[in-house]
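Chemist: Take a look at the following structure, please.
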Amino acid sequence: AKQVQVADFTIDNIDPELKVVYDNNDVLNEKYYNAPRKATLTIDEHNFRASDVKITMTAENNHQPVELPIVSEWETDPDPKKADLHTATILYDKDADYTFDIEYTDLSGRAMKDYKQDVFVVDNTDPVITVNYFAVQADGTKVDITEDVNVSSKDAIKYVNRDYVSFEADIIIQELNFNQEDVEYSANGTKHDTKMEDAKSGWTTQEDGITRTKNIKFVQQDIYKVDLAYADLAGRKAQFVNDNNEKKYETDYICLDTIDPEGVLTVTGSNPNAW
């Protein structure tokens, strides 16, 4: 009798299926997350080979490349009833702009559906705000108000006299994911109801791409109450660096005195030699 050679073969009519689940879905402004994200990738496929999975990622922070996150080893579900499920994880824990894409074709040549690329930003860093107050002399020299004798501080109020051309503040925000319209700033007069410009425009970005600055001028005599708050595109609230290098912000009060006292000084007393 003739021997018949038996060949094993597999018929595969089913495309691989992919499921990507992120543990952090608290998104702001369409793509910003203020904490790390872990992605769990699951491919449902009987004829699976891990080396055929093609994952493409990019990561950069402020236009500089960042080390790519590691894709874990693929693991097959130990439950025999779920043996077609194969899982890997990716942890995105660094500050960066990320993209993720994936392709897979099984052993029979069947490809899974095209995956829409993920694009998102992880931001773990709080913005930092510094406010520097200074006076400007006629020759343009800036004077640090904390050192000048014509400026005093009493009862948490900074007093500035009229001997200067102007009194100004530089607001500095250190933040990559910045939107100037989110700056909450007010510096309104409490005595004469002087209205100052808001800080939702006119910001300048320095060469490092992170430092944002805006100059505010105090012109009219008044006592100004200065309040400032900011949260970045990921929702992280700003930390403030004050004069003591402490990361907190307290309301500033600025007294701008541009007018000399008027009237006649009269001294009365019974002792002519008192002076």
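We name chains A, B, ... following the order of the structure tokens; residues begin at 1 in each chain, and ligands are numbered from 1 as shown.
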Hey, which bits of stretch 139-238 of chain A sit within 7 Å of stretch 22-37 of chain A, and for each residue what's the closest pair of atoms and how far apart in Å (one decimal), counting only C-alpha atoms, rows by chain and increasing number, as CSV?
Modeler:
```
residue,atom,partner,partner_atom,distance
A:Leu233,CA,A:Asn29,CA,6.4
A:Ala234,CA,A:Tyr32,CA,4.8
A:Gly235,CA,A:Asn34,CA,6.6
A:Arg236,CA,A:Asn34,CA,6.4
```
Chemist: DSSP on the backbone: what in stretch 35-215 of chain A comes out helix (DSSP H, G or I), as a PyMOL selection string?
Modeler: chain A and resi 50-52+80-82+180-182
Chemist: Please measure the separation of atom CA of A:Phe120 and atom CA of A:Leu91, giving the value in Å to one decimal.
Modeler: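 Between atom CA of A:Phe120 and atom CA of A:Leu91 the gap is 13.2 Å.
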Chemist: Calculated over only C-alpha atoms, which of the candidates A:Val136, A:Val226, A:Ile172, A:Ile55 has the smallest distance to A:Tyr104?
Modeler: A:Ile55
Chemist: Determine the nearest neighbour of A:Ala88 from the options A:Leu107, A:Val20, A:Ile129, A:Leu68, counting only C-alpha atoms.
Modeler: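 Closest candidate: A:Val20.
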Chemist: Which of these, A:Glu181, A:Asp208, A:Asp8, A:Asp15, has the shortest distance to A:Lys113 once you count only C-alpha atoms?
Modeler: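 Of A:Glu181, A:Asp208, A:Asp8, A:Asp15, the one nearest A:Lys113, counting only C-alpha atoms, is A:Asp15.
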Chemist: So, with only C-alpha atoms as the atoms that count, which of A:Thr141, A:Thr211, A:Thr205, A:Gln174 lies closest to A:Thr125?
Modeler: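 With only C-alpha atoms as the atom set, the closest residue is A:Gln174.
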Chemist: If you count only C-alpha atoms, which residues fall within 10 Å of A:Ala231, apart from same-chain ones fewer than 5 positions away, as a VMD selection string?
Modeler: chain A and resid 126 to 127 175 177 to 179 182 to 184 236 to 239
Chemist: Tell me which of A:Gln206, A:Thr130, A:Gln221, A:Gln64 sits closest to A:Ser166, counting only C-alpha atoms.
Modeler: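 The closest residue to A:Ser166 is A:Gln221.
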Chemist: Give me, as a VMD selection string, all polymer residues having an atom no more than 10 Å from A:Gly109, counting only C-alpha atoms and skipping those fewer than 3 positions away in the same chain.
Modeler: chain A and resid 12 15 47 104 to 106 112
Chemist: I want to know what sits within 9 Å of A:Asp144, based on only C-alpha atoms, with residues of the same chain fewer than 4 positions away left out; could you give that as a PyMOL selection string?
Modeler: chain A and resi 132-135+148
Chemist: Next, write the just-selected residues to a file, as a PDB file, in the first residue's frame, keeping all heavy atoms as the atom set.
Modeler:
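result00.pdb was written with the following content:
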```pdb
ATOM      1  N   ASN A 132       8.706  90.307  39.988  1.00  0.00           N
ATOM      2  CA  ASN A 132       9.771  91.235  40.379  1.00  0.00           C
ATOM      3  C   ASN A 132       9.269  92.669  40.262  1.00  0.00           C
ATOM      4  O   ASN A 132       8.903  93.118  39.173  1.00  0.00           O
ATOM      5  CB  ASN A 132      11.003  91.046  39.497  1.00  0.00           C
ATOM      6  CG  ASN A 132      11.626  89.671  39.664  1.00  0.00           C
ATOM      7  OD1 ASN A 132      11.629  89.113  40.760  1.00  0.00           O
ATOM      8  ND2 ASN A 132      12.142  89.112  38.581  1.00  0.00           N
ATOM      9  N   TYR A 133       9.250  93.393  41.379  1.00  0.00           N
ATOM     10  CA  TYR A 133       8.846  94.796  41.383  1.00  0.00           C
ATOM     11  C   TYR A 133      10.093  95.674  41.320  1.00  0.00           C
ATOM     12  O   TYR A 133      11.102  95.394  41.979  1.00  0.00           O
ATOM     13  CB  TYR A 133       8.059  95.131  42.649  1.00  0.00           C
ATOM     14  CG  TYR A 133       6.724  94.420  42.737  1.00  0.00           C
ATOM     15  CD1 TYR A 133       6.576  93.291  43.535  1.00  0.00           C
ATOM     16  CD2 TYR A 133       5.625  94.888  42.031  1.00  0.00           C
ATOM     17  CE1 TYR A 133       5.347  92.639  43.622  1.00  0.00           C
ATOM     18  CE2 TYR A 133       4.396  94.243  42.118  1.00  0.00           C
ATOM     19  CZ  TYR A 133       4.270  93.120  42.911  1.00  0.00           C
ATOM     20  OH  TYR A 133       3.058  92.488  42.995  1.00  0.00           O
ATOM     21  N   PHE A 134      10.015  96.743  40.547  1.00  0.00           N
ATOM     22  CA  PHE A 134      11.152  97.650  40.453  1.00  0.00           C
ATOM     23  C   PHE A 134      10.674  99.036  40.042  1.00  0.00           C
ATOM     24  O   PHE A 134       9.582  99.199  39.478  1.00  0.00           O
ATOM     25  CB  PHE A 134      12.190  97.136  39.446  1.00  0.00           C
ATOM     26  CG  PHE A 134      11.655  96.950  38.048  1.00  0.00           C
ATOM     27  CD1 PHE A 134      11.718  97.975  37.116  1.00  0.00           C
ATOM     28  CD2 PHE A 134      11.094  95.742  37.673  1.00  0.00           C
ATOM     29  CE1 PHE A 134      11.230  97.806  35.834  1.00  0.00           C
ATOM     30  CE2 PHE A 134      10.597  95.557  36.390  1.00  0.00           C
ATOM     31  CZ  PHE A 134      10.666  96.586  35.466  1.00  0.00           C
ATOM     32  N   ALA A 135      11.500 100.033  40.354  1.00  0.00           N
ATOM     33  CA  ALA A 135      11.243 101.409  39.942  1.00  0.00           C
ATOM     34  C   ALA A 135      12.240 101.792  38.854  1.00  0.00           C
ATOM     35  O   ALA A 135      13.341 101.233  38.781  1.00  0.00           O
ATOM     36  CB  ALA A 135      11.376 102.350  41.139  1.00  0.00           C
ATOM     37  N   ASP A 148      16.117  99.926  47.834  1.00  0.00           N
ATOM     38  CA  ASP A 148      16.177 101.378  47.735  1.00  0.00           C
ATOM     39  C   ASP A 148      15.583 102.051  48.961  1.00  0.00           C
ATOM     40  O   ASP A 148      14.547 101.629  49.481  1.00  0.00           O
ATOM     41  CB  ASP A 148      15.429 101.841  46.475  1.00  0.00           C
ATOM     42  CG  ASP A 148      15.676 103.313  46.198  1.00  0.00           C
ATOM     43  OD1 ASP A 148      16.746 103.644  45.665  1.00  0.00           O
ATOM     44  OD2 ASP A 148      14.799 104.116  46.540  1.00  0.00           O
TER      45      ASP A 148
END
```
Chemist: Using only C-alpha atoms, can you tell me which of A:Tyr164, A:Trp203, A:Tyr98, A:Tyr185 comes closest to A:Lys142?
Modeler: A:Tyr164
Chemist: DSSP on the backbone: what in stretch 183-239 of chain A comes out strand (DSSP E), as an NGL selection string?
Modeler: :A and (184-189 or 204-205 or 211-218 or 222-229 or 239)
Chemist: If you count only C-alpha atoms, which residues fall within 8 Å of A:Asn215, apart from same-chain ones fewer than 4 positions away, as a PyMOL selection string?
Modeler: chain A and resi 168-171
